[in-house]
There are 2 protein chains.
Amino acid sequence: MFNAKKETKKIVQFIRDYYKKNNLGGVVLGISGGKDSGVVAALFTEALGKENVLGVTMPCHSKEDDKNLAKVVADYYGFELINVDLTNTFDTFKSEIDLLGNYDDSVLKNSDINLKPRFRMSTLYYLAAMYSAIRGKTYIVGGTSNKSELYVGYFTKGGDSVHDISVLADLTVEEVIAVGKELKVPKEVLYRVPSDGLSNQSDEDKLGVKYSDIAKYMEDKESVDVETRKKIKKLHDNNQHKFVIPTYRKNY
Amino acid sequence: MFNAKKETKKIVQFIRDYYKKNNLGGVVLGISGGKDSGVVAALFTEALGKENVLGVTMPCHSKEDDKNLAKVVADYYGFELINVDLTNTFDTFKSEIDLLGNYDDSVLKNSDINLKPRFRMSTLYYLAAMYSAIRGKTYIVGGTSNKSELYVGYFTKGGDSVHDISVLADLTVEEVIAVGKELKVPKEVLYRVPSDGLSNQSDEDKLGVKYSDIAKYMEDKESVDVETRKKIKKLHDNNQHKFVIPTYRKNY
């Protein structure tokens with residue numbers, strides 16, 4: 001059984017130990033207004049103190065709602081929240097792409113969806129180095145990927161999967177929520193329907209499977225129906241290339 | 001002894017095998033005008049045919065020289081070379097950062113240097129998905145990191161280290177050059193003094209050690225002087241965090 005209280009304490013200790021060992025100062029976190037970044041922000045605030053947590057909203061043709069919910073989290077835990085609007089950067093990049101030819105939006109859809117998390121990752125690292133220089137303490141980038149998303153490869157390579165410390169990667173969606181409850185993450189954030197904020201679809205719509213089924217499957221493959229089993233296995237297998245880069249070795 | 005002829009053939013076979021097994025079509029390569037991307041372009045052209053290689057120059061406040069040398073490589077091997085200028089995108093991003101406060105350029109230096117490879121990675125992935133959709137065959141992103149750079153962590157996390165296939169990662173700088181000779185990479189490219197094209201310093205200046213010493217050290221630590229040994233060990237140790245993200249596990 002997952003003991004949320006105990007697990008929360010251990011994660012906080014893990015963060016403190018890592019910061020102490022490596023002489024680190026602060027964390028930069030992208031705050032989306034969803035549960036994962038809400039729980040991660042709560043954990044880092046508990047571990048490091050609010051003065052060492054820097055939250056960042058990075059709207060990019062996205063809903064105002066995301067920013068409002070990010071502010072709910074920052075206000076509740078009392079950490080600093082800054083905004084870097086990526087809409088103009090995205091549009092400038094797109095205008096360079098336009099020079100390559102006159103292509104229909106449909107062929108750019110996948111490119112556009114995944115560009116945003118890559119620009120967001122770039123922004124978080126930009127800010128981490130910048131505030132490290134300004135404030136004289138080392139900031140690193142905190143990750144929000146959870147075990148369920150990682151299992152089915154639901155992340156952007158070179159985007160949200162790039163970070164310096166990972167605290168939810170061994171927790172299923174359900175366990176993340178349990179930790180969030182323990183840390184009193186505001187309900188409208190903790191129970192928000194997860195979506196990438198990019199494609200106007202919920203995560204579960206895009207994946208075609210429910211997170212609760214992924215959790216069951218990871219525990220015991222036989223516990224979900226055959227159809228679901230196939231879908232999850234396929235997602236898992238097709239995304240393995242995101243974890244280990246195929247590399248030529250001399251003994252090939 | 002490193003047998004360049006044999007090794008070149010094996011790398012070409014590795015690429016072909018991987019493409020066949022995964023039903024892939026083409027490769028997108030950032031072409032910097034330096035030896036690594038020159039050798040990688042030569043290898044992929046040999047493996048897949050020039051019609052399946054898409055080279056990309058991505059100037060970003062950089063020297064015209066880079067673009068000219070990239071064209072030398074593309075012309076020599078006959079593959080398509082496109083240009084996506086990132087200068088305006090970079091400047092637009094910087095103007096958003098300016099809104100955060102009036103900070104001296106010196107505190108932004110590290111941020112700026114590493115932003116470029118991250119934007120370049122984002123661009124290569126953008127193009128890979130875009131041309132996959134346009135041309136109806138799957139493009140992936142080829143990497144250019146070599147064993148010496150990887151050993152001392154001389155790359156940008158979330159930048160040039162993110163790619164889908166890696167062909168030089170087990171070859172020292174000297175071995176990369178030997179493969180390049182075998183494939184007749186134009187001399188002005190193969191023997192160009194390596195630099196990141198970003199910071200106006202050569203790679204060896206920035207690292208404070210010579211690539212030839214890194215190669216010797218990797219073979220036999222005792223073969224270089226004590227001072228150099230210390231420097232290389234420090235670079236290696238300090239950059240390990242770039243390879244494996246520290247992650248909380250429930251058994252912590």
# chains A, B, ... in the order shown; residues from 1 in each chain; ligands from 1
call {"tool": "residues_around", "arguments": {"residues": "range 165-181 of chain B", "least_positions_apart": "3", "cutoff": "9 Å", "atoms": "only C-alpha atoms", "output": "PyMOL selection string"}}
result
(chain A and resi 245-250) or (chain B and resi 2-5+7-8+11+14-15+18+35-36+38-40+42-43+140-150+184-187+190-191+211-212+214-215)
call {"tool": "write_last_selection", "arguments": {"atoms": "C-alpha atoms", "output": "tab-separated table (two decimals), in the first residue's frame"}}
result
chain	number	residue	atom	x	y	z
A	245	ILE	CA	19.57	6.86	-28.01
A	246	PRO	CA	20.52	4.09	-30.46
A	247	THR	CA	24.29	4.36	-30.61
A	248	TYR	CA	26.97	2.79	-32.78
A	249	ARG	CA	29.57	0.90	-30.73
A	250	LYS	CA	32.85	-0.40	-32.12
B	2	PHE	CA	41.67	1.74	-35.19
B	3	ASN	CA	40.88	0.52	-38.70
B	4	ALA	CA	39.12	3.47	-40.33
B	5	LYS	CA	38.09	1.60	-43.45
B	7	GLU	CA	34.92	1.04	-38.93
B	8	THR	CA	33.40	3.26	-41.62
B	11	ILE	CA	28.90	2.46	-39.08
B	14	PHE	CA	24.63	0.16	-38.40
B	15	ILE	CA	22.68	3.06	-39.91
B	18	TYR	CA	18.53	0.67	-37.82
B	35	LYS	CA	34.28	18.12	-38.77
B	36	ASP	CA	31.74	16.22	-36.69
B	38	GLY	CA	30.76	16.86	-41.90
B	39	VAL	CA	31.69	13.26	-41.06
B	40	VAL	CA	28.15	12.42	-39.91
B	42	ALA	CA	29.19	11.76	-45.16
B	43	LEU	CA	28.23	8.60	-43.25
B	140	ILE	CA	14.82	11.33	-37.57
B	141	VAL	CA	17.46	13.64	-36.08
B	142	GLY	CA	21.09	12.54	-36.32
B	143	GLY	CA	23.58	13.36	-33.57
B	144	THR	CA	27.17	14.44	-33.90
B	145	SER	CA	28.60	14.04	-30.39
B	146	ASN	CA	31.91	12.17	-30.29
B	147	LYS	CA	33.40	10.07	-27.49
B	148	SER	CA	35.89	12.73	-26.37
B	149	GLU	CA	33.28	15.45	-26.00
B	150	LEU	CA	30.89	13.11	-24.25
B	184	LYS	CA	37.00	12.26	-48.24
B	185	VAL	CA	35.37	14.99	-46.16
B	186	PRO	CA	36.65	18.29	-47.61
B	187	LYS	CA	39.88	19.28	-45.85
B	190	LEU	CA	37.76	18.14	-41.51
B	191	TYR	CA	40.68	20.16	-40.16
B	211	TYR	CA	41.43	16.53	-27.33
B	212	SER	CA	44.56	14.48	-27.95
B	214	ILE	CA	41.51	13.30	-23.57
B	215	ALA	CA	41.96	10.43	-26.04
call {"tool": "closest_atom_pairs", "arguments": {"of": "chain A", "to": "chain B", "cutoff": "8 Å", "atoms": "only C-alpha atoms", "output": "tab-separated table"}}
result
residue	atom	partner	partner_atom	distance
A:Glu7	CA	B:Lys250	CA	7.3
A:Lys10	CA	B:Tyr252	CA	7.0
A:Ile11	CA	B:Tyr248	CA	6.6
A:Phe14	CA	B:Tyr248	CA	6.6
A:Ile82	CA	B:Leu100	CA	7.9
A:Val84	CA	B:Glu96	CA	6.3
A:Asp85	CA	B:Glu96	CA	6.8
A:Leu86	CA	B:Phe93	CA	7.3
A:Asn88	CA	B:Thr92	CA	6.7
A:Thr89	CA	B:Phe93	CA	5.3
A:Phe90	CA	B:Thr89	CA	7.7
A:Thr92	CA	B:Thr89	CA	5.4
A:Phe93	CA	B:Thr89	CA	5.3
A:Glu96	CA	B:Val84	CA	6.3
A:Ile97	CA	B:Val84	CA	6.9
A:Leu100	CA	B:Ile82	CA	7.9
A:Val107	CA	B:Ala133	CA	5.2
A:Leu108	CA	B:Met130	CA	5.5
A:Asn110	CA	B:Ala129	CA	6.5
A:Ser111	CA	B:Tyr126	CA	4.7
A:Asp112	CA	B:Tyr126	CA	7.3
A:Asn114	CA	B:Tyr126	CA	7.7
A:Leu115	CA	B:Ser122	CA	6.3
A:Arg118	CA	B:Ser122	CA	5.9
A:Phe119	CA	B:Phe119	CA	7.2
A:Met121	CA	B:Gly158	CA	7.8
A:Ser122	CA	B:Arg118	CA	5.9
A:Tyr125	CA	B:Ser111	CA	7.3
A:Tyr126	CA	B:Ser111	CA	4.7
A:Leu127	CA	B:Ser111	CA	7.3
A:Ala129	CA	B:Ser111	CA	5.4
A:Met130	CA	B:Leu108	CA	5.5
A:Ala133	CA	B:Val107	CA	5.2
A:Ile134	CA	B:Val107	CA	6.2
A:Lys157	CA	B:Val162	CA	7.7
A:Gly158	CA	B:Gly158	CA	5.5
A:Gly159	CA	B:Gly158	CA	7.6
A:Val162	CA	B:Gly158	CA	6.0
A:His163	CA	B:Ile245	CA	7.1
A:Asp164	CA	B:Ile245	CA	5.7
A:Ile165	CA	B:Pro246	CA	5.2
A:Ser166	CA	B:Thr247	CA	4.6
A:Val167	CA	B:Tyr248	CA	5.0
A:Leu168	CA	B:Tyr248	CA	7.1
A:Ala169	CA	B:Thr247	CA	6.9
A:Asp170	CA	B:Arg249	CA	5.6
A:His241	CA	B:Asp164	CA	7.5
A:Lys242	CA	B:Asp164	CA	7.8
A:Ile245	CA	B:Asp164	CA	5.7
A:Pro246	CA	B:Ile165	CA	5.2
A:Thr247	CA	B:Ser166	CA	4.6
A:Tyr248	CA	B:Val167	CA	5.0
A:Arg249	CA	B:Asp170	CA	5.6
A:Lys250	CA	B:Asp170	CA	6.6
A:Tyr252	CA	B:Lys10	CA	7.1
call {"tool": "residues_around", "arguments": {"residues": "Arg192 in chain A", "least_positions_apart": "3", "cutoff": "7 Å", "atoms": "only C-alpha atoms", "output": "list in words"}}
result
Gly34, Lys35, Glu188 and Val189 of chain A
call {"tool": "calpha_fit_and_write", "arguments": {"fixed": "chain B", "moving": "chain A", "output": "compact mmCIF listing (two decimals) with C-alpha atoms, in the first residue's frame"}}
result
# COMPACT_ATOMS: atom_id res chain seq x y z
CA MET A 1 44.53 -0.24 -33.73
CA PHE A 2 41.66 1.71 -35.20
CA ASN A 3 40.90 0.50 -38.71
CA ALA A 4 39.14 3.48 -40.33
CA LYS A 5 38.10 1.59 -43.45
CA LYS A 6 36.51 -1.27 -41.53
CA GLU A 7 34.94 1.02 -38.93
CA THR A 8 33.41 3.25 -41.62
CA LYS A 9 31.78 0.24 -43.26
CA LYS A 10 30.40 -0.95 -39.93
CA ILE A 11 28.91 2.46 -39.08
CA VAL A 12 27.23 2.59 -42.49
CA GLN A 13 25.83 -0.88 -41.86
CA PHE A 14 24.63 0.16 -38.39
CA ILE A 15 22.69 3.07 -39.90
CA ARG A 16 21.17 0.88 -42.64
CA ASP A 17 20.19 -1.82 -40.15
CA TYR A 18 18.53 0.67 -37.81
CA TYR A 19 16.60 2.35 -40.63
CA LYS A 20 15.44 -0.96 -42.04
CA LYS A 21 14.39 -2.38 -38.68
CA ASN A 22 12.39 0.73 -37.79
CA ASN A 23 11.05 1.52 -41.24
CA LEU A 24 12.65 4.96 -41.32
CA GLY A 25 13.21 7.20 -44.32
CA GLY A 26 15.54 10.12 -43.84
CA VAL A 27 17.79 12.03 -41.53
CA VAL A 28 17.85 15.68 -40.51
CA LEU A 29 21.32 16.94 -39.64
CA GLY A 30 22.49 20.28 -38.32
CA ILE A 31 25.50 21.19 -40.44
CA SER A 32 27.85 23.52 -38.60
CA GLY A 33 30.73 23.56 -41.04
CA GLY A 34 32.86 21.62 -38.55
CA LYS A 35 34.30 18.12 -38.77
CA ASP A 36 31.75 16.21 -36.68
CA SER A 37 28.70 17.21 -38.70
CA GLY A 38 30.77 16.85 -41.89
CA VAL A 39 31.69 13.26 -41.07
CA VAL A 40 28.16 12.42 -39.92
CA ALA A 41 26.74 13.84 -43.15
CA ALA A 42 29.20 11.76 -45.15
CA LEU A 43 28.23 8.59 -43.24
CA PHE A 44 24.49 9.12 -43.69
CA THR A 45 24.86 9.96 -47.37
CA GLU A 46 26.81 6.72 -47.85
CA ALA A 47 24.24 4.74 -45.85
CA LEU A 48 20.95 6.19 -47.08
CA GLY A 49 21.73 7.98 -50.35
CA LYS A 50 21.89 11.75 -50.74
CA GLU A 51 18.15 12.01 -51.42
CA ASN A 52 17.46 10.95 -47.84
CA VAL A 53 19.77 13.44 -46.14
CA LEU A 54 18.51 16.88 -45.21
CA GLY A 55 21.17 19.27 -43.95
CA VAL A 56 20.24 22.39 -42.01
CA THR A 57 22.22 25.53 -41.29
CA MET A 58 20.92 27.50 -38.32
CA PRO A 59 22.79 30.77 -38.03
CA CYS A 60 22.14 32.72 -34.87
CA HIS A 61 24.28 35.84 -34.64
CA SER A 62 27.00 33.66 -36.08
CA LYS A 63 29.74 33.94 -38.68
CA GLU A 64 28.96 33.72 -42.38
CA ASP A 65 31.88 31.29 -42.56
CA ASP A 66 29.82 28.53 -40.88
CA LYS A 67 27.21 28.67 -43.62
CA ASN A 68 29.82 28.70 -46.39
CA LEU A 69 31.57 25.61 -45.03
CA ALA A 70 28.24 23.84 -44.55
CA LYS A 71 27.58 24.47 -48.23
CA VAL A 72 30.99 22.98 -49.11
CA VAL A 73 29.91 19.74 -47.38
CA ALA A 74 26.43 19.67 -48.92
CA ASP A 75 27.76 20.39 -52.41
CA TYR A 76 30.46 17.74 -52.11
CA TYR A 77 28.03 14.99 -51.08
CA GLY A 78 25.10 16.36 -53.06
CA PHE A 79 22.44 16.45 -50.33
CA GLU A 80 19.84 19.16 -49.84
CA LEU A 81 20.79 22.02 -47.52
CA ILE A 82 18.19 24.36 -46.07
CA ASN A 83 18.63 27.39 -43.88
CA VAL A 84 16.61 28.41 -40.83
CA ASP A 85 17.97 31.64 -39.43
CA LEU A 86 17.44 31.72 -35.67
CA THR A 87 18.70 35.25 -35.10
CA ASN A 88 15.26 36.86 -34.98
CA THR A 89 13.82 34.07 -32.83
CA PHE A 90 16.72 34.47 -30.40
CA ASP A 91 16.26 38.25 -30.31
CA THR A 92 12.50 37.96 -29.76
CA PHE A 93 13.09 35.58 -26.87
CA LYS A 94 15.67 37.95 -25.40
CA SER A 95 13.22 40.84 -25.56
CA GLU A 96 10.81 38.79 -23.40
CA ILE A 97 13.63 38.15 -20.92
CA ASP A 98 14.33 41.91 -20.85
CA LEU A 99 10.86 42.37 -19.33
CA LEU A 100 12.06 40.53 -16.20
CA GLY A 101 14.48 43.29 -15.27
CA ASN A 102 17.46 45.28 -16.36
CA TYR A 103 20.32 42.80 -16.06
CA ASP A 104 23.88 43.12 -17.19
CA ASP A 105 24.99 41.04 -20.17
CA SER A 106 27.51 39.25 -17.97
CA VAL A 107 24.79 37.48 -15.96
CA LEU A 108 23.16 36.33 -19.21
CA LYS A 109 26.31 35.02 -20.87
CA ASN A 110 25.95 31.38 -19.87
CA SER A 111 22.22 31.45 -20.57
CA ASP A 112 22.78 32.90 -24.04
CA ILE A 113 25.52 30.45 -24.99
CA ASN A 114 23.39 27.42 -24.13
CA LEU A 115 20.13 28.77 -25.54
CA LYS A 116 21.42 28.46 -29.08
CA PRO A 117 22.01 24.68 -29.14
CA ARG A 118 18.60 24.22 -27.45
CA PHE A 119 16.86 26.30 -30.12
CA ARG A 120 18.84 24.39 -32.76
CA MET A 121 17.72 21.03 -31.35
CA SER A 122 14.13 22.34 -31.31
CA THR A 123 14.50 23.37 -34.94
CA LEU A 124 15.88 20.01 -36.09
CA TYR A 125 12.97 18.18 -34.44
CA TYR A 126 10.52 20.68 -35.91
CA LEU A 127 11.88 19.99 -39.39
CA ALA A 128 12.02 16.21 -38.88
CA ALA A 129 8.29 16.06 -38.07
CA MET A 130 7.46 18.59 -40.80
CA TYR A 131 9.33 16.85 -43.62
CA SER A 132 8.06 13.46 -42.44
CA ALA A 133 4.54 14.80 -42.98
CA ILE A 134 5.36 16.50 -46.29
CA ARG A 135 7.33 13.67 -47.86
CA GLY A 136 5.57 10.65 -46.40
CA LYS A 137 8.71 9.06 -45.00
CA THR A 138 9.98 9.23 -41.44
CA TYR A 139 12.87 11.59 -40.79
CA ILE A 140 14.83 11.34 -37.56
CA VAL A 141 17.47 13.64 -36.07
CA GLY A 142 21.09 12.54 -36.32
CA GLY A 143 23.57 13.36 -33.56
CA THR A 144 27.18 14.44 -33.91
CA SER A 145 28.60 14.04 -30.39
CA ASN A 146 31.90 12.18 -30.28
CA LYS A 147 33.39 10.07 -27.49
CA SER A 148 35.89 12.72 -26.37
CA GLU A 149 33.28 15.46 -26.00
CA LEU A 150 30.90 13.11 -24.25
CA TYR A 151 33.59 11.97 -21.83
CA VAL A 152 34.25 15.48 -20.56
CA GLY A 153 30.59 16.55 -20.82
CA TYR A 154 31.30 19.12 -23.49
CA PHE A 155 27.75 19.50 -24.78
CA THR A 156 24.56 21.29 -23.83
CA LYS A 157 22.00 19.26 -21.92
CA GLY A 158 18.75 19.50 -23.84
CA GLY A 159 20.70 20.80 -26.83
CA ASP A 160 23.12 18.95 -29.11
CA SER A 161 22.90 15.92 -26.81
CA VAL A 162 19.29 15.29 -27.83
CA HIS A 163 18.97 13.29 -31.04
CA ASP A 164 17.59 10.01 -32.35
CA ILE A 165 20.66 8.18 -33.59
CA SER A 166 24.27 8.54 -32.56
CA VAL A 167 27.09 7.36 -34.81
CA LEU A 168 30.25 9.03 -33.44
CA ALA A 169 29.68 8.53 -29.71
CA ASP A 170 32.19 5.67 -29.48
CA LEU A 171 34.88 7.42 -31.56
CA THR A 172 37.53 9.79 -30.25
CA VAL A 173 38.22 13.03 -32.11
CA GLU A 174 41.20 11.39 -33.80
CA GLU A 175 39.09 8.44 -34.92
CA VAL A 176 36.39 10.77 -36.26
CA ILE A 177 39.04 12.46 -38.38
CA ALA A 178 40.28 9.09 -39.63
CA VAL A 179 36.72 8.15 -40.71
CA GLY A 180 36.40 11.58 -42.31
CA LYS A 181 39.58 11.00 -44.32
CA GLU A 182 38.22 7.64 -45.46
CA LEU A 183 35.05 9.36 -46.71
CA LYS A 184 37.00 12.26 -48.23
CA VAL A 185 35.37 14.99 -46.15
CA PRO A 186 36.64 18.28 -47.61
CA LYS A 187 39.87 19.28 -45.83
CA GLU A 188 38.79 22.79 -44.83
CA VAL A 189 35.92 21.18 -42.91
CA LEU A 190 37.76 18.15 -41.51
CA TYR A 191 40.68 20.17 -40.17
CA ARG A 192 38.81 23.24 -39.06
CA VAL A 193 39.66 24.20 -35.48
CA PRO A 194 36.65 23.00 -33.48
CA SER A 195 34.65 25.74 -31.83
CA ASP A 196 31.05 25.96 -30.73
CA GLY A 197 30.46 28.82 -33.16
CA LEU A 198 28.83 30.57 -30.24
CA SER A 199 31.37 31.82 -27.74
CA ASN A 200 34.23 32.86 -30.04
CA GLN A 201 36.57 30.45 -28.28
CA SER A 202 37.93 27.18 -29.60
CA ASP A 203 36.63 24.08 -27.83
CA GLU A 204 40.09 23.33 -26.45
CA ASP A 205 40.40 26.88 -25.08
CA LYS A 206 37.09 26.51 -23.29
CA LEU A 207 37.85 23.06 -21.93
CA GLY A 208 41.40 23.90 -20.89
CA VAL A 209 42.60 20.52 -22.19
CA LYS A 210 43.56 19.13 -25.58
CA TYR A 211 41.43 16.52 -27.33
CA SER A 212 44.55 14.48 -27.97
CA ASP A 213 45.12 14.35 -24.19
CA ILE A 214 41.52 13.29 -23.58
CA ALA A 215 41.97 10.43 -26.06
CA LYS A 216 45.20 9.34 -24.36
CA TYR A 217 43.58 9.59 -20.92
CA MET A 218 40.58 7.46 -21.93
CA GLU A 219 43.02 4.81 -23.16
CA ASP A 220 45.39 5.00 -20.18
CA LYS A 221 45.02 7.59 -17.39
CA GLU A 222 48.74 7.46 -16.59
CA SER A 223 49.71 8.51 -20.11
CA VAL A 224 49.11 12.23 -19.46
CA ASP A 225 50.73 14.48 -16.87
CA VAL A 226 49.24 14.84 -13.40
CA GLU A 227 47.84 18.32 -13.98
CA THR A 228 46.01 17.29 -17.16
CA ARG A 229 44.78 14.13 -15.47
CA LYS A 230 43.19 16.21 -12.71
CA LYS A 231 41.52 18.57 -15.18
CA ILE A 232 40.04 15.76 -17.26
CA LYS A 233 38.83 13.84 -14.21
CA LYS A 234 37.17 16.98 -12.85
CA LEU A 235 35.40 17.73 -16.16
CA HIS A 236 34.24 14.11 -16.35
CA ASP A 237 32.99 13.96 -12.77
CA ASN A 238 31.30 17.36 -12.82
CA ASN A 239 29.29 16.50 -15.91
CA GLN A 240 27.88 13.12 -14.96
CA HIS A 241 24.59 14.75 -13.94
CA LYS A 242 23.99 15.48 -17.63
CA PHE A 243 23.67 11.78 -18.41
CA VAL A 244 21.40 10.39 -15.73
CA ILE A 245 18.73 12.53 -14.09
CA PRO A 246 18.78 12.14 -10.30
CA THR A 247 15.43 10.52 -9.58
CA TYR A 248 13.50 9.76 -6.41
CA ARG A 249 12.67 6.04 -6.08
CA LYS A 250 10.25 4.62 -3.52
CA ASN A 251 12.98 2.49 -1.96
CA TYR A 252 14.90 5.69 -1.03
call {"tool": "select_by_dssp", "arguments": {"residues": "range 118-250 of chain A", "states": "strand (DSSP E or B)", "output": "count of residues only"}}
result
10
call {"tool": "select_by_dssp", "arguments": {"residues": "range 30-127 of chain A", "states": "alpha helix (DSSP H)", "output": "number ranges by chain"}}
result
A: 35-48, 64-77, 87-98, 105-127
call {"tool": "decode", "arguments": {"residues": "range 150-205 of chain B", "atoms": "C-alpha atoms", "output": "mmCIF file, in the first residue's frame"}}
result
data_model
loop_
_atom_site.group_PDB
_atom_site.id
_atom_site.type_symbol
_atom_site.label_atom_id
_atom_site.label_comp_id
_atom_site.auth_asym_id
_atom_site.auth_seq_id
_atom_site.Cartn_x
_atom_site.Cartn_y
_atom_site.Cartn_z
ATOM 1 C CA LEU B 150 30.892 13.107 -24.248
ATOM 2 C CA TYR B 151 33.598 11.972 -21.829
ATOM 3 C CA VAL B 152 34.243 15.488 -20.553
ATOM 4 C CA GLY B 153 30.588 16.538 -20.815
ATOM 5 C CA TYR B 154 31.296 19.115 -23.485
ATOM 6 C CA PHE B 155 27.756 19.500 -24.782
ATOM 7 C CA THR B 156 24.571 21.278 -23.831
ATOM 8 C CA LYS B 157 22.010 19.253 -21.927
ATOM 9 C CA GLY B 158 18.749 19.483 -23.858
ATOM 10 C CA GLY B 159 20.702 20.793 -26.842
ATOM 11 C CA ASP B 160 23.109 18.947 -29.111
ATOM 12 C CA SER B 161 22.903 15.908 -26.821
ATOM 13 C CA VAL B 162 19.283 15.288 -27.824
ATOM 14 C CA HIS B 163 18.971 13.284 -31.036
ATOM 15 C CA ASP B 164 17.575 10.002 -32.356
ATOM 16 C CA ILE B 165 20.651 8.182 -33.586
ATOM 17 C CA SER B 166 24.257 8.536 -32.567
ATOM 18 C CA VAL B 167 27.080 7.356 -34.802
ATOM 19 C CA LEU B 168 30.239 9.023 -33.446
ATOM 20 C CA ALA B 169 29.681 8.530 -29.716
ATOM 21 C CA ASP B 170 32.185 5.665 -29.480
ATOM 22 C CA LEU B 171 34.878 7.424 -31.561
ATOM 23 C CA THR B 172 37.527 9.796 -30.248
ATOM 24 C CA VAL B 173 38.198 13.033 -32.111
ATOM 25 C CA GLU B 174 41.189 11.388 -33.798
ATOM 26 C CA GLU B 175 39.072 8.440 -34.926
ATOM 27 C CA VAL B 176 36.373 10.770 -36.251
ATOM 28 C CA ILE B 177 39.026 12.452 -38.382
ATOM 29 C CA ALA B 178 40.268 9.075 -39.631
ATOM 30 C CA VAL B 179 36.720 8.152 -40.708
ATOM 31 C CA GLY B 180 36.378 11.572 -42.317
ATOM 32 C CA LYS B 181 39.570 10.988 -44.318
ATOM 33 C CA GLU B 182 38.211 7.640 -45.457
ATOM 34 C CA LEU B 183 35.037 9.361 -46.697
ATOM 35 C CA LYS B 184 37.000 12.264 -48.236
ATOM 36 C CA VAL B 185 35.374 14.991 -46.157
ATOM 37 C CA PRO B 186 36.650 18.288 -47.606
ATOM 38 C CA LYS B 187 39.876 19.280 -45.848
ATOM 39 C CA GLU B 188 38.791 22.792 -44.835
ATOM 40 C CA VAL B 189 35.924 21.172 -42.914
ATOM 41 C CA LEU B 190 37.759 18.141 -41.513
ATOM 42 C CA TYR B 191 40.684 20.162 -40.161
ATOM 43 C CA ARG B 192 38.797 23.237 -39.056
ATOM 44 C CA VAL B 193 39.669 24.193 -35.477
ATOM 45 C CA PRO B 194 36.666 22.991 -33.482
ATOM 46 C CA SER B 195 34.654 25.719 -31.812
ATOM 47 C CA ASP B 196 31.041 25.935 -30.724
ATOM 48 C CA GLY B 197 30.474 28.800 -33.163
ATOM 49 C CA LEU B 198 28.846 30.561 -30.245
ATOM 50 C CA SER B 199 31.367 31.795 -27.736
ATOM 51 C CA ASN B 200 34.250 32.852 -30.025
ATOM 52 C CA GLN B 201 36.591 30.447 -28.266
ATOM 53 C CA SER B 202 37.931 27.174 -29.596
ATOM 54 C CA ASP B 203 36.635 24.074 -27.813
ATOM 55 C CA GLU B 204 40.091 23.321 -26.438
ATOM 56 C CA ASP B 205 40.399 26.879 -25.066
#
